[in-house]
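Notes for the one structure printed next.
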Amino acid sequence: MPTHLITGAGSGIGAAVARRLHGRGDDLVLLARDAGRAKQLAGLYPGARTLVADLADPDRISWAFSHQPMPDRLDSLLHIAGVVDLGPVGELRPKTWHQQLNANLMSPAELTRLMLPQLRAARGNVVFVNSGAGLEAHAEWSAYAASKHGLKALADALRHEEHGNGVRVTSVYPGRTASPMQAKVHSQEGREYDESRWIDPESVATAIITAIDLPRDALIKDLTVRPGH
């Protein structure tokens with residue numbers, strides 16, 4: 001069975017992807033920020049393995065992994081976790097920038113670096129779940145959009161670097177998706193949240209799984225998903 005390492009499996013798009021892959025019998029390795037969260041995820045997905053590392057602190061991911069058993073190979077690395085905090089450039093403090101850059105860009109880069117041997121061994125897939133904000137930034141989205149623009153650059157460079165090793169790299173750009181993150185965004189925007197207006201996480205999960213299941217003669221480089229109503 002294929003083995004997938006998933007970040008963000010606790011809610012939203014990540015949970016939808018994990019449910020689908022677990023349901024069809026694939027092997028899951030789920031990243032958790034701490035031991036308590038790892039226990040919760042293991043309960044949700046019986047048989048799944050967990051790794052503990054905090055994406056808020058990319059400098060310590062390597063140390064954390066050195067104390068845990070690693071998978072021998074990975075058929076896919078799915079970067080789905082992310083954080084968001086809105087605010088105008090004139091008011092954002094360095095702490096807010098660091099939080100989003102660390103979780104949304106630096107940690108995916110470090111996690112990818114650490115997992116490349118396993119991905120090369122399997123000629124696997126790396127999927128970066130980006131955002132519409134990774135293609136265009138709007139007012140009060142500067143820090144989040146900057147992290148996601150950087151994530152696009154990371155994916156593009158990695159795709160060129162690893163092509164010869166058989167590693168496929170895909171960026172997925174969802175529009176607004178019904179999730180706890182979207183509820184937080186609406187709260188920060190001062191707007192009422194109605195999840196029925198936005199993309200179902202299952203629809204984005206379909207796009208992600210299509211990319212990793214695609215036959216080896218093809219590659220989905222960039223996939224944009226927008227609300228259909």
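Residue numbering restarts at 1 in every chain; chains get A, B, ... in the order shown in the structure tokens, and ligands count up from 1 in that same order.
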Contacts of segment 93-178 of chain A with segment 24-43 of chain A up to 12 Å, shortest pair per row, only C-alpha atoms, as CSV:
residue,atom,partner,partner_atom,distance
A:Ala103,CA,A:Arg33,CA,11.1
A:Ser107,CA,A:Leu31,CA,11.8
A:Pro108,CA,A:Leu31,CA,11.7
A:Leu111,CA,A:Leu31,CA,10.3
Surrounding residues of Tyr144 of chain A excluding itself and chain neighbours under 6 positions, 8 Å, only C-alpha atoms, as a PyMOL selection string = chain A and resi 83-86+97+100-101+133
Could you write out that same residue set with all heavy atoms as a compact mmCIF listing (two decimals), in the first residue's frame?
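Output contents, as saved in again_27.txt:
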# COMPACT_ATOMS: atom_id res chain seq x y z
N VAL A 83 -1.52 28.36 8.80
CA VAL A 83 -2.09 29.33 9.73
C VAL A 83 -2.30 30.65 9.01
O VAL A 83 -1.63 30.94 8.02
CB VAL A 83 -1.18 29.54 10.98
CG1 VAL A 83 -1.00 28.24 11.74
CG2 VAL A 83 0.17 30.13 10.57
N VAL A 84 -3.22 31.45 9.53
CA VAL A 84 -3.51 32.75 8.92
C VAL A 84 -3.81 33.78 10.01
O VAL A 84 -4.45 33.47 11.02
CB VAL A 84 -4.71 32.65 7.93
CG1 VAL A 84 -5.98 32.21 8.64
CG2 VAL A 84 -4.92 33.96 7.19
N ASP A 85 -3.30 34.98 9.81
CA ASP A 85 -3.66 36.15 10.63
C ASP A 85 -3.65 37.36 9.72
O ASP A 85 -2.63 37.65 9.07
CB ASP A 85 -2.67 36.35 11.78
CG ASP A 85 -3.15 35.68 13.07
OD1 ASP A 85 -4.28 36.01 13.49
OD2 ASP A 85 -2.41 34.86 13.63
N LEU A 86 -4.77 38.03 9.66
CA LEU A 86 -4.91 39.19 8.78
C LEU A 86 -4.52 40.47 9.50
O LEU A 86 -4.50 40.54 10.73
CB LEU A 86 -6.35 39.30 8.28
CG LEU A 86 -6.96 38.06 7.61
CD1 LEU A 86 -8.35 38.39 7.09
CD2 LEU A 86 -6.07 37.53 6.51
N TRP A 97 4.37 38.03 11.36
CA TRP A 97 5.04 37.59 10.13
C TRP A 97 5.76 36.27 10.35
O TRP A 97 5.63 35.34 9.55
CB TRP A 97 6.05 38.65 9.69
CG TRP A 97 5.44 39.82 9.00
CD1 TRP A 97 5.01 40.99 9.56
CD2 TRP A 97 5.19 39.94 7.59
NE1 TRP A 97 4.51 41.83 8.60
CE2 TRP A 97 4.61 41.22 7.39
CE3 TRP A 97 5.39 39.11 6.49
CZ2 TRP A 97 4.24 41.67 6.12
CZ3 TRP A 97 5.03 39.57 5.22
CH2 TRP A 97 4.45 40.83 5.06
N GLN A 100 3.45 33.08 10.50
CA GLN A 100 2.92 32.61 9.23
C GLN A 100 4.02 32.11 8.29
O GLN A 100 3.85 31.09 7.61
CB GLN A 100 2.08 33.71 8.58
CG GLN A 100 0.82 33.98 9.41
CD GLN A 100 -0.03 35.09 8.88
OE1 GLN A 100 -0.86 34.88 7.99
NE2 GLN A 100 0.14 36.28 9.41
N LEU A 101 5.15 32.79 8.28
CA LEU A 101 6.25 32.33 7.44
C LEU A 101 6.80 30.99 7.94
O LEU A 101 7.14 30.11 7.15
CB LEU A 101 7.36 33.38 7.39
CG LEU A 101 7.01 34.65 6.60
CD1 LEU A 101 8.06 35.73 6.85
CD2 LEU A 101 6.90 34.36 5.10
N ALA A 133 -4.47 33.16 -2.32
CA ALA A 133 -3.60 34.26 -1.87
C ALA A 133 -2.16 34.05 -2.30
O ALA A 133 -1.35 34.98 -2.24
CB ALA A 133 -3.67 34.40 -0.35
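When DSSP is run on the backbone, the residues of segment 71-225 of chain A that fall into strand (DSSP E) are Ser76, Leu77, Leu78, His79, Asn125, Val126, Val127, Phe128, Val129, Arg168, Val169, Thr170, Ser171, Val172, Tyr173, Pro174, Asp222, Leu223, Thr224 and Val225 of chain A.
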Go ahead and write the selection's residues with N, CA, C and O atoms as a PDB file, in the first residue's frame.
ATOM      1  N   SER A  76       3.870   9.855  -0.959  1.00  0.00           N
ATOM      2  CA  SER A  76       3.485  11.261  -1.072  1.00  0.00           C
ATOM      3  C   SER A  76       3.719  11.991   0.244  1.00  0.00           C
ATOM      4  O   SER A  76       3.576  11.413   1.324  1.00  0.00           O
ATOM      5  N   LEU A  77       4.099  13.244   0.106  1.00  0.00           N
ATOM      6  CA  LEU A  77       4.212  14.180   1.220  1.00  0.00           C
ATOM      7  C   LEU A  77       3.206  15.283   0.943  1.00  0.00           C
ATOM      8  O   LEU A  77       3.319  16.007  -0.062  1.00  0.00           O
ATOM      9  N   LEU A  78       2.212  15.400   1.811  1.00  0.00           N
ATOM     10  CA  LEU A  78       1.089  16.311   1.586  1.00  0.00           C
ATOM     11  C   LEU A  78       1.136  17.431   2.611  1.00  0.00           C
ATOM     12  O   LEU A  78       0.817  17.237   3.787  1.00  0.00           O
ATOM     13  N   HIS A  79       1.544  18.599   2.157  1.00  0.00           N
ATOM     14  CA  HIS A  79       1.637  19.779   3.013  1.00  0.00           C
ATOM     15  C   HIS A  79       0.282  20.485   3.014  1.00  0.00           C
ATOM     16  O   HIS A  79      -0.034  21.246   2.089  1.00  0.00           O
ATOM     17  N   ASN A 125       5.413  11.769  -4.629  1.00  0.00           N
ATOM     18  CA  ASN A 125       4.770  13.044  -4.935  1.00  0.00           C
ATOM     19  C   ASN A 125       4.887  13.994  -3.745  1.00  0.00           C
ATOM     20  O   ASN A 125       4.763  13.566  -2.593  1.00  0.00           O
ATOM     21  N   VAL A 126       5.094  15.267  -4.039  1.00  0.00           N
ATOM     22  CA  VAL A 126       4.993  16.312  -3.025  1.00  0.00           C
ATOM     23  C   VAL A 126       3.861  17.237  -3.446  1.00  0.00           C
ATOM     24  O   VAL A 126       3.869  17.752  -4.579  1.00  0.00           O
ATOM     25  N   VAL A 127       2.895  17.415  -2.559  1.00  0.00           N
ATOM     26  CA  VAL A 127       1.775  18.317  -2.844  1.00  0.00           C
ATOM     27  C   VAL A 127       1.786  19.439  -1.824  1.00  0.00           C
ATOM     28  O   VAL A 127       1.751  19.196  -0.612  1.00  0.00           O
ATOM     29  N   PHE A 128       1.856  20.657  -2.320  1.00  0.00           N
ATOM     30  CA  PHE A 128       1.771  21.848  -1.483  1.00  0.00           C
ATOM     31  C   PHE A 128       0.369  22.431  -1.641  1.00  0.00           C
ATOM     32  O   PHE A 128       0.005  22.879  -2.732  1.00  0.00           O
ATOM     33  N   VAL A 129      -0.418  22.391  -0.577  1.00  0.00           N
ATOM     34  CA  VAL A 129      -1.722  23.053  -0.623  1.00  0.00           C
ATOM     35  C   VAL A 129      -1.485  24.520  -0.351  1.00  0.00           C
ATOM     36  O   VAL A 129      -1.190  24.931   0.770  1.00  0.00           O
ATOM     37  N   ARG A 168       7.480  13.974  -8.300  1.00  0.00           N
ATOM     38  CA  ARG A 168       6.527  14.922  -8.885  1.00  0.00           C
ATOM     39  C   ARG A 168       6.104  15.937  -7.832  1.00  0.00           C
ATOM     40  O   ARG A 168       5.908  15.591  -6.665  1.00  0.00           O
ATOM     41  N   VAL A 169       5.937  17.189  -8.263  1.00  0.00           N
ATOM     42  CA  VAL A 169       5.598  18.279  -7.343  1.00  0.00           C
ATOM     43  C   VAL A 169       4.376  19.021  -7.886  1.00  0.00           C
ATOM     44  O   VAL A 169       4.371  19.482  -9.031  1.00  0.00           O
ATOM     45  N   THR A 170       3.360  19.141  -7.032  1.00  0.00           N
ATOM     46  CA  THR A 170       2.107  19.791  -7.415  1.00  0.00           C
ATOM     47  C   THR A 170       1.762  20.885  -6.418  1.00  0.00           C
ATOM     48  O   THR A 170       1.903  20.700  -5.209  1.00  0.00           O
ATOM     49  N   SER A 171       1.314  22.024  -6.920  1.00  0.00           N
ATOM     50  CA  SER A 171       0.728  23.068  -6.079  1.00  0.00           C
ATOM     51  C   SER A 171      -0.774  23.112  -6.329  1.00  0.00           C
ATOM     52  O   SER A 171      -1.216  23.142  -7.483  1.00  0.00           O
ATOM     53  N   VAL A 172      -1.545  23.117  -5.254  1.00  0.00           N
ATOM     54  CA  VAL A 172      -3.002  23.223  -5.336  1.00  0.00           C
ATOM     55  C   VAL A 172      -3.401  24.556  -4.703  1.00  0.00           C
ATOM     56  O   VAL A 172      -2.976  24.874  -3.587  1.00  0.00           O
ATOM     57  N   TYR A 173      -4.205  25.323  -5.418  1.00  0.00           N
ATOM     58  CA  TYR A 173      -4.596  26.665  -4.976  1.00  0.00           C
ATOM     59  C   TYR A 173      -6.100  26.701  -4.717  1.00  0.00           C
ATOM     60  O   TYR A 173      -6.879  27.076  -5.603  1.00  0.00           O
ATOM     61  N   PRO A 174      -6.542  26.313  -3.528  1.00  0.00           N
ATOM     62  CA  PRO A 174      -7.978  26.370  -3.255  1.00  0.00           C
ATOM     63  C   PRO A 174      -8.442  27.814  -3.022  1.00  0.00           C
ATOM     64  O   PRO A 174      -7.728  28.627  -2.422  1.00  0.00           O
ATOM     65  N   ASP A 222       0.124  22.667 -11.458  1.00  0.00           N
ATOM     66  CA  ASP A 222      -0.633  23.671 -10.715  1.00  0.00           C
ATOM     67  C   ASP A 222      -2.118  23.409 -10.935  1.00  0.00           C
ATOM     68  O   ASP A 222      -2.559  23.201 -12.058  1.00  0.00           O
ATOM     69  N   LEU A 223      -2.855  23.446  -9.829  1.00  0.00           N
ATOM     70  CA  LEU A 223      -4.290  23.152  -9.904  1.00  0.00           C
ATOM     71  C   LEU A 223      -5.037  24.176  -9.066  1.00  0.00           C
ATOM     72  O   LEU A 223      -4.836  24.273  -7.847  1.00  0.00           O
ATOM     73  N   THR A 224      -5.872  24.968  -9.717  1.00  0.00           N
ATOM     74  CA  THR A 224      -6.637  26.001  -9.044  1.00  0.00           C
ATOM     75  C   THR A 224      -8.081  25.517  -8.848  1.00  0.00           C
ATOM     76  O   THR A 224      -8.702  25.029  -9.787  1.00  0.00           O
ATOM     77  N   VAL A 225      -8.572  25.641  -7.618  1.00  0.00           N
ATOM     78  CA  VAL A 225      -9.919  25.188  -7.280  1.00  0.00           C
ATOM     79  C   VAL A 225     -10.689  26.392  -6.740  1.00  0.00           C
ATOM     80  O   VAL A 225     -10.252  27.021  -5.770  1.00  0.00           O
TER      81      VAL A 225
END
May I have the residues within 9 Å of Glu136 of chain A as an NGL selection string, using only C-alpha atoms and disregarding those fewer than 4 positions away in the same chain?
-> :A and (132 or 145 or 149)
Store the residues picked out above, limited to C-alpha atoms, as a compact mmCIF listing (two decimals), in the first residue's frame.
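See selection_33.txt below for the written result:
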# COMPACT_ATOMS: atom_id res chain seq x y z
CA GLY A 132 -5.62 31.81 -3.96
CA ALA A 145 0.00 35.90 0.97
CA HIS A 149 3.82 33.25 -2.72
Run DSSP on the backbone and give me the residues of segment 3-215 of chain A it puts in alpha helix (DSSP H), as a PyMOL selection string.
-> chain A and resi 12-23+35-44+61-65+94-101+107-122+142-162+180-189+201-213
Surrounding residues of Asn165 of chain A excluding itself and chain neighbours under 4 positions, 12 Å, only C-alpha atoms, as number ranges by chain = A: 116-125, 158-161, 169
Just the residues within 12 Å of Arg197 of chain A, please, counting only C-alpha atoms, with nothing from its chain fewer than 6 positions along; format it as a ChimeraX atom specification.
-> /A:175-179,182-183,226-229
All residues 12 Å or closer to Ala143 of chain A, only C-alpha atoms, same chain fewer than 3 positions away omitted, as number ranges by chain | A: 83-105, 133-134, 137-140, 146-150
